[in-house]
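A.B. asks: entry_7.csv is the file, holding CSV, C-alpha atoms:
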```csv
chain,number,residue,atom,x,y,z
A,1,MET,CA,28.4,245.9,71.2
A,2,THR,CA,29.1,248.9,73.4
A,3,VAL,CA,25.9,250.2,75.1
A,4,VAL,CA,25.6,253.9,75.3
A,5,ASP,CA,23.7,254.9,78.5
A,6,GLU,CA,21.0,257.1,77.0
A,7,THR,CA,19.5,257.8,80.4
A,8,GLN,CA,22.5,259.9,81.5
A,9,GLY,CA,24.6,262.6,80.0
A,10,THR,CA,24.0,266.2,78.9
A,11,THR,CA,20.5,267.2,77.9
A,12,SER,CA,20.2,267.5,74.1
A,13,GLU,CA,18.2,270.1,72.3
A,14,TYR,CA,15.6,267.5,71.5
A,15,ARG,CA,15.3,266.5,75.2
A,16,ARG,CA,15.0,270.2,76.2
A,17,ALA,CA,12.2,270.7,73.6
A,18,VAL,CA,10.4,267.6,74.9
A,19,ARG,CA,10.7,268.8,78.5
A,20,ALA,CA,9.4,272.2,77.7
A,21,TRP,CA,6.5,270.9,75.7
A,22,LEU,CA,5.4,268.4,78.4
A,23,ALA,CA,5.7,271.1,81.1
A,24,ALA,CA,3.3,273.2,79.1
A,25,ASN,CA,0.9,270.5,77.9
A,26,ALA,CA,0.9,267.5,80.2
A,27,PRO,CA,-2.7,267.4,81.7
A,28,GLY,CA,-1.8,265.6,84.9
A,29,SER,CA,-4.0,262.9,86.4
A,30,LEU,CA,-7.5,262.5,85.0
A,31,ALA,CA,-8.6,260.0,87.6
A,32,HIS,CA,-11.0,262.4,89.2
A,33,LEU,CA,-13.0,262.7,85.9
A,34,PRO,CA,-15.9,260.5,84.7
A,35,PRO,CA,-14.7,257.7,82.3
A,36,ASP,CA,-16.1,259.3,79.2
A,37,GLU,CA,-14.4,262.6,80.0
A,38,GLN,CA,-11.1,260.8,80.7
A,39,LEU,CA,-11.3,259.2,77.3
A,40,ARG,CA,-12.1,262.5,75.5
A,41,ARG,CA,-9.2,264.3,77.2
A,42,SER,CA,-6.9,261.4,76.5
A,43,ARG,CA,-7.8,261.6,72.8
A,44,GLU,CA,-7.2,265.3,72.8
A,45,PHE,CA,-3.8,264.9,74.4
A,46,GLN,CA,-2.7,262.1,71.9
A,47,ALA,CA,-3.7,264.4,69.0
A,48,ALA,CA,-1.7,267.3,70.5
A,49,LEU,CA,1.2,264.9,71.0
A,50,TYR,CA,1.1,263.9,67.3
A,51,ASP,CA,0.8,267.5,66.1
A,52,ALA,CA,3.8,268.4,68.2
A,53,GLY,CA,5.9,265.6,66.6
A,54,TYR,CA,6.0,263.3,69.6
A,55,ALA,CA,3.8,260.4,68.5
A,56,GLY,CA,5.3,257.5,66.5
A,57,ILE,CA,8.8,258.9,67.0
A,58,THR,CA,10.6,256.0,65.4
A,59,TRP,CA,7.8,255.1,62.9
A,60,PRO,CA,8.6,255.7,59.2
A,61,GLU,CA,7.5,259.1,57.9
A,62,SER,CA,5.7,257.4,55.1
A,63,VAL,CA,3.1,256.0,57.6
A,64,GLY,CA,2.7,259.2,59.6
A,65,GLY,CA,5.6,258.7,62.0
A,66,GLN,CA,8.5,261.0,62.8
A,67,GLY,CA,11.3,258.9,61.2
A,68,LEU,CA,13.6,259.6,64.1
A,69,GLY,CA,15.9,257.3,66.0
A,70,GLN,CA,15.9,255.3,69.3
A,71,ALA,CA,17.9,258.1,71.1
A,72,GLU,CA,15.0,260.5,70.5
A,73,GLN,CA,12.5,257.9,71.7
A,74,GLN,CA,14.5,257.3,74.8
A,75,ALA,CA,14.7,261.0,75.5
A,76,PHE,CA,11.0,261.3,75.2
A,77,SER,CA,10.4,258.3,77.4
A,78,ASP,CA,12.7,259.7,80.1
A,79,GLU,CA,11.0,263.1,80.1
A,80,ALA,CA,7.5,261.5,80.0
A,81,ALA,CA,8.4,259.5,83.2
A,82,GLU,CA,8.3,262.8,85.1
A,83,HIS,CA,4.6,263.2,84.3
A,84,GLU,CA,1.4,261.1,84.6
A,85,LEU,CA,0.3,261.1,80.9
A,86,PRO,CA,-3.1,259.8,79.8
A,87,LEU,CA,-1.6,257.3,77.2
A,88,TYR,CA,-3.2,254.1,78.5
A,89,PRO,CA,-6.0,253.9,76.0
A,90,PHE,CA,-3.5,253.9,73.1
A,91,MET,CA,-0.9,251.5,74.5
A,92,ILE,CA,-2.1,248.4,72.6
A,93,GLY,CA,-2.4,250.2,69.3
A,94,MET,CA,0.9,252.1,69.6
A,95,GLY,CA,2.9,249.3,71.1
A,96,MET,CA,1.5,246.2,69.3
A,97,CYS,CA,-1.1,246.6,66.6
A,98,GLY,CA,0.3,249.6,64.9
A,99,PRO,CA,3.9,248.2,64.5
A,100,THR,CA,2.4,245.0,63.2
A,101,VAL,CA,0.5,246.9,60.5
A,102,VAL,CA,3.7,248.7,59.7
A,103,ASP,CA,5.5,245.3,59.3
A,104,LEU,CA,2.8,243.3,57.5
A,105,GLY,CA,0.1,245.6,56.3
A,106,THR,CA,-0.7,246.5,52.7
A,107,ASP,CA,-0.1,250.1,51.6
A,108,ALA,CA,-3.9,250.6,51.7
A,109,GLN,CA,-4.0,249.3,55.3
A,110,ARG,CA,-1.1,251.6,56.4
A,111,ASP,CA,-2.8,254.6,54.8
A,112,ARG,CA,-6.1,253.8,56.3
A,113,TYR,CA,-5.2,252.9,59.9
A,114,LEU,CA,-1.9,254.3,61.1
A,115,ARG,CA,-2.3,258.1,61.0
A,116,PRO,CA,-5.7,257.9,62.9
A,117,LEU,CA,-4.1,255.5,65.4
A,118,LEU,CA,-1.2,257.9,66.0
A,119,ARG,CA,-3.5,260.9,66.5
A,120,GLY,CA,-5.8,259.0,69.0
A,121,GLU,CA,-8.7,259.2,66.6
A,122,GLU,CA,-9.1,255.4,66.6
A,123,ILE,CA,-8.2,253.0,69.5
A,124,TRP,CA,-7.1,249.4,69.0
A,125,CYS,CA,-7.1,246.2,70.9
A,126,GLN,CA,-5.5,242.7,70.5
A,127,LEU,CA,-7.8,239.7,70.3
A,128,PHE,CA,-5.7,236.5,70.8
A,129,SER,CA,-6.5,234.6,74.0
A,130,GLU,CA,-9.6,232.4,74.4
A,131,PRO,CA,-11.0,230.5,77.4
A,132,GLY,CA,-9.4,227.3,76.1
A,133,ALA,CA,-6.3,228.9,74.5
A,134,GLY,CA,-4.2,231.1,76.7
A,135,SER,CA,-0.5,230.2,76.8
A,136,ASP,CA,-1.1,227.8,73.9
A,137,VAL,CA,-2.6,230.5,71.6
A,138,ALA,CA,-2.4,228.2,68.6
A,139,SER,CA,-5.2,226.1,70.1
A,140,LEU,CA,-7.7,228.8,69.6
A,141,GLN,CA,-11.2,227.8,68.2
A,142,SER,CA,-12.6,231.1,66.9
A,143,ARG,CA,-13.5,230.4,63.2
A,144,ALA,CA,-13.5,232.6,60.1
A,145,VAL,CA,-15.0,231.2,57.0
A,146,PRO,CA,-15.0,232.8,53.5
A,147,ASP,CA,-18.3,234.2,52.2
A,148,GLY,CA,-17.9,235.9,48.9
A,149,ASP,CA,-15.9,239.1,49.3
A,150,ARG,CA,-15.8,238.8,53.1
A,151,TRP,CA,-15.2,236.5,56.0
A,152,ILE,CA,-17.7,235.5,58.7
A,153,LEU,CA,-16.2,235.4,62.2
A,154,ASN,CA,-17.6,233.4,65.2
A,155,GLY,CA,-16.0,232.8,68.5
A,156,GLN,CA,-15.0,234.2,71.9
A,157,LYS,CA,-11.9,236.1,73.1
A,158,VAL,CA,-11.0,236.9,76.7
A,159,TRP,CA,-8.6,239.2,78.7
A,160,THR,CA,-8.8,241.8,75.9
A,161,THR,CA,-7.4,245.0,77.2
A,162,ASN,CA,-9.2,248.2,76.1
A,163,ALA,CA,-11.9,246.4,74.1
A,164,GLN,CA,-14.5,248.5,75.9
A,165,PHE,CA,-13.5,251.6,73.9
A,166,ALA,CA,-11.6,250.1,71.0
A,167,ASP,CA,-12.6,251.0,67.4
A,168,PHE,CA,-10.6,248.3,65.8
A,169,GLY,CA,-8.9,245.0,66.8
A,170,ALA,CA,-6.3,242.6,65.5
A,171,VAL,CA,-8.1,239.3,65.8
A,172,LEU,CA,-6.5,235.8,65.3
A,173,ALA,CA,-9.0,233.2,63.9
A,174,ARG,CA,-8.8,229.7,62.5
A,175,THR,CA,-9.4,229.6,58.8
A,176,ASP,CA,-8.4,226.0,58.0
A,177,PRO,CA,-9.0,223.3,60.5
A,178,ASP,CA,-7.5,220.7,58.2
A,179,ARG,CA,-4.0,222.1,58.7
A,180,PRO,CA,-1.9,221.7,61.9
A,181,LYS,CA,-2.9,224.2,64.6
A,182,HIS,CA,-0.1,226.7,63.8
A,183,GLY,CA,-0.7,226.6,60.1
A,184,GLY,CA,-4.5,227.2,59.8
A,185,LEU,CA,-4.6,230.6,61.4
A,186,THR,CA,-5.2,234.1,59.8
A,187,MET,CA,-5.1,237.5,61.4
A,188,PHE,CA,-7.8,240.1,60.5
A,189,VAL,CA,-8.5,243.7,61.3
A,190,VAL,CA,-12.0,243.7,62.8
A,191,ASP,CA,-14.3,246.7,63.3
A,192,MET,CA,-15.2,246.6,67.0
A,193,HIS,CA,-18.5,248.5,66.3
A,194,ALA,CA,-19.6,245.9,63.7
A,195,PRO,CA,-22.9,244.1,64.2
A,196,GLY,CA,-22.4,240.9,66.1
A,197,VAL,CA,-19.5,242.2,68.3
A,198,THR,CA,-20.3,242.1,72.0
A,199,VAL,CA,-17.9,243.4,74.7
A,200,ARG,CA,-18.4,242.4,78.4
A,201,PRO,CA,-16.0,243.9,81.0
A,202,LEU,CA,-14.1,241.6,83.5
A,203,LYS,CA,-13.3,243.0,86.9
A,204,ASP,CA,-9.9,242.3,88.5
A,205,MET,CA,-8.9,242.4,92.1
A,206,THR,CA,-8.3,246.2,92.0
A,207,GLY,CA,-12.0,246.7,91.4
A,208,ARG,CA,-11.4,248.0,87.9
A,209,SER,CA,-12.2,246.5,84.6
A,210,PRO,CA,-9.2,247.0,82.3
A,211,PHE,CA,-9.9,243.9,80.2
A,212,ASN,CA,-12.9,242.2,78.7
A,213,GLU,CA,-14.4,239.1,77.1
A,214,VAL,CA,-15.5,239.6,73.5
A,215,TYR,CA,-18.0,237.6,71.5
A,216,PHE,CA,-18.2,237.4,67.7
A,217,ASP,CA,-21.5,236.2,66.3
A,218,ASP,CA,-21.5,236.1,62.5
A,219,VAL,CA,-19.4,239.2,62.2
A,220,GLY,CA,-18.6,240.2,58.6
A,221,ILE,CA,-15.0,241.1,57.9
A,222,PRO,CA,-14.1,242.5,54.4
A,223,ALA,CA,-11.5,240.4,52.5
A,224,GLU,CA,-9.1,243.3,52.4
A,225,ASN,CA,-8.9,243.3,56.2
A,226,VAL,CA,-6.6,240.2,56.2
A,227,LEU,CA,-3.4,241.3,58.0
A,228,GLY,CA,-0.5,239.5,56.4
A,229,GLU,CA,-1.3,236.3,54.5
A,230,ILE,CA,-4.3,233.9,54.6
A,231,GLY,CA,-3.0,231.0,56.6
A,232,GLY,CA,-0.1,233.1,57.8
A,233,GLY,CA,-1.7,234.1,61.1
A,234,TRP,CA,0.9,232.4,63.3
A,235,HIS,CA,3.7,234.5,61.7
A,236,ALA,CA,1.6,237.6,62.2
A,237,ALA,CA,0.9,236.6,65.8
A,238,VAL,CA,4.6,236.0,66.5
A,239,THR,CA,5.4,239.4,65.0
A,240,MET,CA,2.8,241.1,67.2
A,241,LEU,CA,3.8,239.2,70.3
A,242,GLY,CA,7.4,240.3,69.7
A,243,HIS,CA,6.3,244.0,69.7
A,244,GLU,CA,4.1,243.3,72.7
A,245,ARG,CA,6.9,241.9,74.9
A,246,VAL,CA,9.2,244.7,74.0
A,247,SER,CA,6.4,247.3,74.6
A,248,ILE,CA,5.6,245.8,78.0
A,249,GLY,CA,9.1,245.2,79.1
A,250,SER,CA,10.4,248.7,78.1
A,251,ALA,CA,7.4,250.6,79.4
A,252,ARG,CA,8.5,253.4,81.7
A,253,ARG,CA,6.2,254.1,84.6
A,254,PRO,CA,6.1,257.7,86.0
A,255,ARG,CA,8.9,258.2,88.6
A,256,ARG,CA,6.2,259.1,91.1
A,257,SER,CA,4.5,255.7,90.7
A,258,PRO,CA,4.2,254.0,94.1
A,259,LEU,CA,6.4,251.0,93.1
A,260,GLU,CA,9.3,252.9,91.6
A,261,PHE,CA,12.5,253.2,93.6
A,262,ALA,CA,12.2,257.0,94.1
A,263,SER,CA,8.7,256.7,95.6
A,264,LEU,CA,9.7,253.8,97.8
A,265,ALA,CA,12.8,255.6,99.0
A,266,GLU,CA,10.7,258.7,99.9
A,267,ARG,CA,8.2,256.5,101.7
A,268,ALA,CA,11.0,254.9,103.7
A,269,ARG,CA,12.2,258.3,104.8
A,270,ALA,CA,8.7,259.4,105.7
A,271,ALA,CA,8.2,256.2,107.8
A,272,GLY,CA,11.5,256.7,109.6
A,273,VAL,CA,13.1,253.4,108.4
A,274,ALA,CA,15.5,254.8,105.8
A,275,ASP,CA,18.5,254.2,108.0
A,276,ASP,CA,17.5,250.6,108.7
A,277,PRO,CA,20.3,248.5,107.1
A,278,VAL,CA,17.9,245.8,105.8
A,279,VAL,CA,15.7,248.5,104.2
A,280,ARG,CA,18.7,250.2,102.7
A,281,ASP,CA,20.0,247.0,101.3
A,282,ARG,CA,16.7,246.1,99.7
A,283,LEU,CA,16.3,249.6,98.3
A,284,ALA,CA,19.8,249.5,96.9
A,285,GLU,CA,19.0,246.2,95.2
A,286,LEU,CA,15.8,247.6,93.8
A,287,TYR,CA,17.7,250.6,92.4
A,288,ALA,CA,20.4,248.4,90.8
A,289,HIS,CA,17.8,246.2,89.1
A,290,GLU,CA,15.9,249.3,87.9
A,291,ARG,CA,19.0,250.7,86.4
A,292,ALA,CA,20.0,247.4,84.8
A,293,LEU,CA,16.5,247.2,83.2
A,294,ALA,CA,16.8,250.7,81.9
A,295,LEU,CA,20.2,249.8,80.3
A,296,LEU,CA,18.9,246.6,78.8
A,297,ASN,CA,16.1,248.6,77.3
A,298,SER,CA,18.7,251.1,75.9
A,299,ARG,CA,20.7,248.2,74.5
A,300,ILE,CA,17.8,246.6,72.7
A,301,ARG,CA,16.7,250.0,71.3
A,302,GLN,CA,20.2,250.6,69.9
A,303,GLU,CA,20.5,247.2,68.4
A,304,THR,CA,17.1,247.6,66.8
A,305,ALA,CA,18.2,250.9,65.3
A,306,ALA,CA,21.3,249.1,64.0
A,307,GLY,CA,19.2,246.5,62.2
A,308,ARG,CA,19.0,243.8,64.7
A,309,PRO,CA,15.4,243.3,65.7
A,310,PRO,CA,15.0,242.0,69.3
A,311,GLY,CA,13.0,238.9,68.3
A,312,ALA,CA,12.8,236.4,71.2
A,313,ARG,CA,15.0,238.7,73.3
A,314,GLY,CA,11.9,240.8,73.8
A,315,SER,CA,10.9,238.0,76.3
A,316,VAL,CA,14.0,238.9,78.3
A,317,LEU,CA,12.7,242.5,78.7
A,318,LYS,CA,9.2,241.3,79.5
A,319,LEU,CA,10.4,238.8,82.1
A,320,ALA,CA,12.8,241.3,83.7
A,321,GLY,CA,10.0,243.9,84.0
A,322,ALA,CA,7.7,241.4,85.7
A,323,LEU,CA,10.4,240.3,88.2
A,324,GLN,CA,11.2,243.9,88.9
A,325,LEU,CA,7.6,244.6,90.0
A,326,ARG,CA,7.7,241.5,92.2
A,327,ARG,CA,10.8,242.9,94.0
A,328,ALA,CA,9.1,246.3,94.3
A,329,ILE,CA,6.1,244.8,96.0
A,330,GLU,CA,8.4,243.1,98.5
A,331,VAL,CA,10.2,246.3,99.2
A,332,ALA,CA,6.9,248.2,99.6
A,333,GLY,CA,5.8,245.7,102.2
A,334,LEU,CA,9.1,246.0,104.1
A,335,VAL,CA,9.0,249.8,104.0
A,336,SER,CA,5.3,250.3,104.8
A,337,GLY,CA,4.7,247.4,107.2
A,338,ALA,CA,1.0,247.2,108.2
A,339,ASP,CA,0.3,250.4,106.3
A,340,ALA,CA,0.6,248.5,103.1
A,341,VAL,CA,-2.6,246.6,103.9
A,342,ALA,CA,-4.4,248.8,106.5
A,343,TRP,CA,-3.8,252.5,105.8
A,344,ASP,CA,-5.3,255.8,106.9
A,345,PRO,CA,-8.4,256.3,104.6
A,346,ALA,CA,-7.5,260.0,104.4
A,347,ASP,CA,-4.1,259.2,102.9
A,348,PRO,CA,-4.4,259.1,99.1
A,349,ALA,CA,-0.8,257.7,98.9
A,350,GLY,CA,-2.1,254.6,100.8
A,351,ASP,CA,-4.8,254.1,98.2
A,352,GLU,CA,-2.3,254.5,95.3
A,353,LEU,CA,0.1,252.0,96.9
A,354,ALA,CA,-2.6,249.4,97.5
A,355,LEU,CA,-3.9,249.8,93.9
A,356,ALA,CA,-0.4,249.3,92.5
A,357,ILE,CA,0.3,246.3,94.7
A,358,ASN,CA,-2.9,244.6,93.6
A,359,ALA,CA,-2.4,245.4,90.0
A,360,ALA,CA,1.3,244.3,89.8
A,361,PRO,CA,0.8,240.5,89.8
A,362,SER,CA,-0.9,240.8,86.4
A,363,SER,CA,2.5,241.7,84.9
A,364,SER,CA,3.5,238.0,85.4
A,365,ILE,CA,0.5,236.9,83.2
A,366,ALA,CA,-0.3,239.7,80.6
A,367,GLY,CA,1.6,239.3,77.4
A,368,GLY,CA,2.6,235.7,78.2
A,369,THR,CA,3.3,234.2,81.6
A,370,ASN,CA,6.7,234.2,83.2
A,371,GLU,CA,6.9,230.5,82.6
A,372,VAL,CA,6.2,231.0,78.9
A,373,GLN,CA,8.9,233.7,78.7
A,374,ARG,CA,11.4,231.4,80.3
A,375,ASN,CA,10.6,228.7,77.7
A,376,ILE,CA,11.1,231.2,74.9
A,377,ILE,CA,14.4,232.5,76.3
A,378,GLY,CA,15.6,228.9,76.9
A,379,GLU,CA,14.8,227.7,73.4
A,380,ARG,CA,15.2,230.7,71.2
A,381,VAL,CA,17.9,232.7,73.0
A,382,LEU,CA,20.0,230.1,74.8
A,383,GLY,CA,19.4,227.4,72.2
A,384,LEU,CA,18.2,224.7,74.7
A,385,PRO,CA,16.2,221.7,73.4
A,386,LYS,CA,12.6,222.4,72.7
A,387,GLU,CA,9.9,220.7,74.8
A,388,PRO,CA,8.2,217.8,73.0
A,389,GLN,CA,5.2,218.9,70.8
A,390,VAL,CA,3.3,215.8,69.8
A,391,ASP,CA,0.5,217.8,68.2
A,392,ARG,CA,2.7,220.0,66.0
A,393,ASP,CA,1.9,218.2,62.7
A,394,VAL,CA,-1.6,216.9,63.5
A,395,PRO,CA,-4.6,218.5,61.7
A,396,PHE,CA,-6.4,220.8,64.1
A,397,ARG,CA,-9.8,219.1,63.7
A,398,GLU,CA,-8.2,215.8,65.0
A,399,LEU,CA,-7.1,217.4,68.2
A,400,ALA,CA,-9.0,217.3,71.5
A,401,VAL,CA,-8.7,220.9,72.7
A,402,GLY,CA,-11.0,223.1,74.7
A,403,THR,CA,-14.6,222.2,73.8
A,404,GLN,CA,-13.8,220.5,70.5
A,405,ARG,CA,-14.2,216.9,71.6
A,406,ARG,CA,-17.4,217.5,73.6
A,407,GLU,CA,-19.0,219.2,70.7
A,408,GLY,CA,-18.2,216.3,68.4
A,409,THR,CA,-16.2,218.2,65.9
A,410,ARG,CA,-13.5,215.7,65.6
```
How does this structure look as structure tokens?
C.D. replies:
Amino acid sequence: MTVVDETQGTTSEYRRAVRAWLAANAPGSLAHLPPDEQLRRSREFQAALYDAGYAGITWPESVGGQGLGQAEQQAFSDEAAEHELPLYPFMIGMGMCGPTVVDLGTDAQRDRYLRPLLRGEEIWCQLFSEPGAGSDVASLQSRAVPDGDRWILNGQKVWTTNAQFADFGAVLARTDPDRPKHGGLTMFVVDMHAPGVTVRPLKDMTGRSPFNEVYFDDVGIPAENVLGEIGGGWHAAVTMLGHERVSIGSARRPRRSPLEFASLAERARAAGVADDPVVRDRLAELYAHERALALLNSRIRQETAAGRPPGARGSVLKLAGALQLRRAIEVAGLVSGADAVAWDPADPAGDELALAINAAPSSSIAGGTNEVQRNIIGERVLGLPKEPQVDRDVPFRELAVGTQRREGTR
């Protein structure tokens, strides 16, 4: 397949319209505002984005999207990279949960959830990982049991991004412990404001709390909130993880972000090391990888539009993005020297670079570790033999996972 470089070429009418709209409406950084005000302004901007026709660009019109193609999405992403847009609260819903509802949801679920999600009226989170089930998500122990016309959910989730202000979550729970671990799961839409839901923030090494641990204590979930099929949770999870990896891998950071090539090249010039041959070589390498990642993103977008969903190839994007950040950290250290760890307190750029460096390692973990992505690529893209899985066909209640053996539930 020939790849069209959508990041170059003449500016289309659509691109010009996007550029003009963003120039007039992008609010700039909200970091100086209190958290509640940041969230309010973010919701306002997302609603304006939707009303202008720039939210859900490739989503079907029938669910509230724009029904446009990947070229338009790429044009918007390119122009958005020139601004610092307050889209973070909506990244899980827009990139992962919403597309899964489009794929697997009932008509009633699509009508209920998608338009409010696109307008920023409701925020979503994804509830998969548990203290004893991270890379091996299928070992999760959260349980949902039927109770008349609803399900009762108990358990704990961890590393849940945006749970602190989410209205709804896509939660994966075990509904049949007598089936093998992959077969006894079901996905639900859970109201994050329901009685019995407790959200506790977790602080990372940047000092922020972007993710949380979430507890469910006898939380009632209506039967119509099953997403997909009862017992089909693993299929729903794989569907969502596919969207997640493409979303993470194809995310465009603002060009002014501290770890982007343009910012690091400017920093090298300001530090007087732009003519150093080693620095120039590393910057050139970073630029080449940045461009290759953009072209890979374009290729997968075009193939998706042509009817070839990325599937496991989303792991290639996700892994490539994580490795690119690792390269950028190394270049930042080379360019900045001691200023990367001990900078002038009056220099806001130093604060921004330190924050970006501390946050970047999470890209090798979030959405599946680099090691998990390599396994997926090896097995499902390259066709290499699978690793042995001795517990694949064993009923879950017979497995010793997490706290299960100690609690005597075998």
A.B. asks: Between A:Thr161, A:Asn25, A:Asn154, A:Asn297, which is the closest to Met91 in chain A once you count only C-alpha atoms?
C.D. replies: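 Of A:Thr161, A:Asn25, A:Asn154, A:Asn297, the one nearest Met91 in chain A, counting only C-alpha atoms, is A:Thr161.
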A.B. asks: Here is a test: counting all atoms listed in the file, which residue of A:Ser29, A:Ser257, A:Gln324, A:Gln73 is nearest to Glu352 in chain A?
C.D. replies: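 Comparing A:Ser29, A:Ser257, A:Gln324, A:Gln73 against Glu352 in chain A, the winner is A:Ser257.
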A.B. asks: Write out as a list in words the residues lying within 7 Å of range 105-116 of chain A, counting all atoms listed in the file and excluding same-chain residues fewer than 5 positions away.
C.D. replies: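 My reading of the contact set: Val63, Gly64, Gly98, Glu121, Glu122, Leu227 and Gly228 of chain A.
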A.B. asks: Could you give me, as a PyMOL selection string, the residues within 12 Å of Arg282 in chain A, counting all atoms listed in the file and dropping anything in the same chain fewer than 6 positions from it?
C.D. replies: chain A and resi 261+264-265+268+273-276+288-289+327-335
A.B. asks: Would you mind telling me which residue in A:Phe76, A:Pro86, A:Val189, A:Gln404 lies nearest to Leu33 in chain A when using only C-alpha atoms?
C.D. replies: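 Under the stated criterion, the closest residue is A:Pro86.
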A.B. asks: Using all atoms listed in the file for the distances, tell me which of A:Asp191, A:Asp351, A:Asp136, A:Glu260 is nearest to Trp234 in chain A.
C.D. replies: A:Asp136
A.B. asks: Which one is closest to Val219 in chain A: A:Val341, A:Val102, A:Leu153, A:Val279? Count only C-alpha atoms.
C.D. replies: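 Closest to Val219 in chain A of all the choices is A:Leu153.
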A.B. asks: Taking only C-alpha atoms into account, which of A:Leu259, A:Ala55, A:Leu202, A:Ala71 comes nearest Ala306 in chain A?
C.D. replies: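 Ranked by minimum distance to Ala306 in chain A, first place goes to A:Ala71.
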A.B. asks: One decimal, in Å: what's the spacing between CA of Pro210 in chain A and CA of Leu117 in chain A?
C.D. replies: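 These two atoms are separated by 19.6 Å.
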A.B. asks: For a test of reading the model, state the distance in Å between CA of Val226 in chain A and CA of Gly93 in chain A, rounded to one decimal.
C.D. replies: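 Value for the CA of Val226 in chain A-CA of Gly93 in chain A distance: 17.0 Å.
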A.B. asks: Which residues are close to Gly134 in chain A, i.e. within 12 Å by all atoms listed in the file, leaving aside same-chain residues fewer than 2 positions away? Reply as a list in words.
C.D. replies: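 Residues near the query, excluding close chain neighbours: Leu127, Phe128, Ser129, Glu130, Pro131, Gly132, Asp136, Val137, Ala138, Ser139, Leu140, Gln141, Lys157, Val158, Trp159, Thr160, Ile365, Ala366, Gly367, Gly368, Thr369, Val372, Val401 and Gly402 of chain A.
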A.B. asks: Residues at most 8 Å from range 241-243 of chain A, counting only C-alpha atoms, excluding those fewer than 6 positions away in the same chain, as an MDAnalysis selection string?
C.D. replies: chainID A and resid 95:96 99:100 310:312 314:315 367
A.B. asks: Between CA of Leu49 in chain A and CA of Ala163 in chain A, what is the distance in Å, rounded to a tenth?
C.D. replies: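 Computing the Euclidean distance for CA of Leu49 in chain A and CA of Ala163 in chain A yields 22.9 Å.
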A.B. asks: I'd like the contact shell of Thr186 in chain A - 6 Å cut-off, only C-alpha atoms, skipping same-chain residues fewer than 6 positions apart - returned as a list of chain:residue names.
C.D. replies: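 Using only C-alpha atoms, the neighbours found are A:Leu172, A:Ala173, A:Ile230, A:Gly231, A:Gly232, A:Gly233.
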A.B. asks: Could you write range 346-355 of chain A as a CSV table (one decimal), in the coordinates of the input, with N, CA, C and O atoms rebuilt where they are missing?
C.D. replies:
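Printed below is selection_38.csv as written:
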```
chain,number,residue,atom,x,y,z
A,346,ALA,N,-7.7,258.7,104.9
A,346,ALA,CA,-7.5,260.0,104.4
A,346,ALA,C,-6.2,260.2,103.7
A,346,ALA,O,-5.9,261.3,103.2
A,347,ASP,N,-5.4,259.1,103.6
A,347,ASP,CA,-4.1,259.2,102.9
A,347,ASP,C,-4.2,258.7,101.5
A,347,ASP,O,-4.3,257.5,101.3
A,348,PRO,N,-4.2,259.6,100.5
A,348,PRO,CA,-4.4,259.1,99.1
A,348,PRO,C,-3.2,258.3,98.7
A,348,PRO,O,-3.3,257.4,97.8
A,349,ALA,N,-2.0,258.5,99.3
A,349,ALA,CA,-0.8,257.7,98.9
A,349,ALA,C,-1.1,256.2,99.3
A,349,ALA,O,-0.6,255.3,98.6
A,350,GLY,N,-1.8,256.0,100.4
A,350,GLY,CA,-2.1,254.6,100.8
A,350,GLY,C,-3.0,253.9,99.7
A,350,GLY,O,-2.8,252.8,99.4
A,351,ASP,N,-4.0,254.6,99.2
A,351,ASP,CA,-4.8,254.1,98.2
A,351,ASP,C,-4.0,253.8,96.9
A,351,ASP,O,-4.2,252.7,96.3
A,352,GLU,N,-3.1,254.7,96.5
A,352,GLU,CA,-2.3,254.5,95.3
A,352,GLU,C,-1.4,253.3,95.5
A,352,GLU,O,-1.3,252.5,94.5
A,353,LEU,N,-0.8,253.1,96.7
A,353,LEU,CA,0.1,252.0,96.9
A,353,LEU,C,-0.7,250.7,96.8
A,353,LEU,O,-0.3,249.7,96.2
A,354,ALA,N,-1.9,250.6,97.5
A,354,ALA,CA,-2.6,249.4,97.5
A,354,ALA,C,-3.1,249.0,96.1
A,354,ALA,O,-3.1,247.8,95.7
A,355,LEU,N,-3.5,250.0,95.3
A,355,LEU,CA,-3.9,249.8,93.9
A,355,LEU,C,-2.7,249.2,93.1
A,355,LEU,O,-2.9,248.2,92.4
```
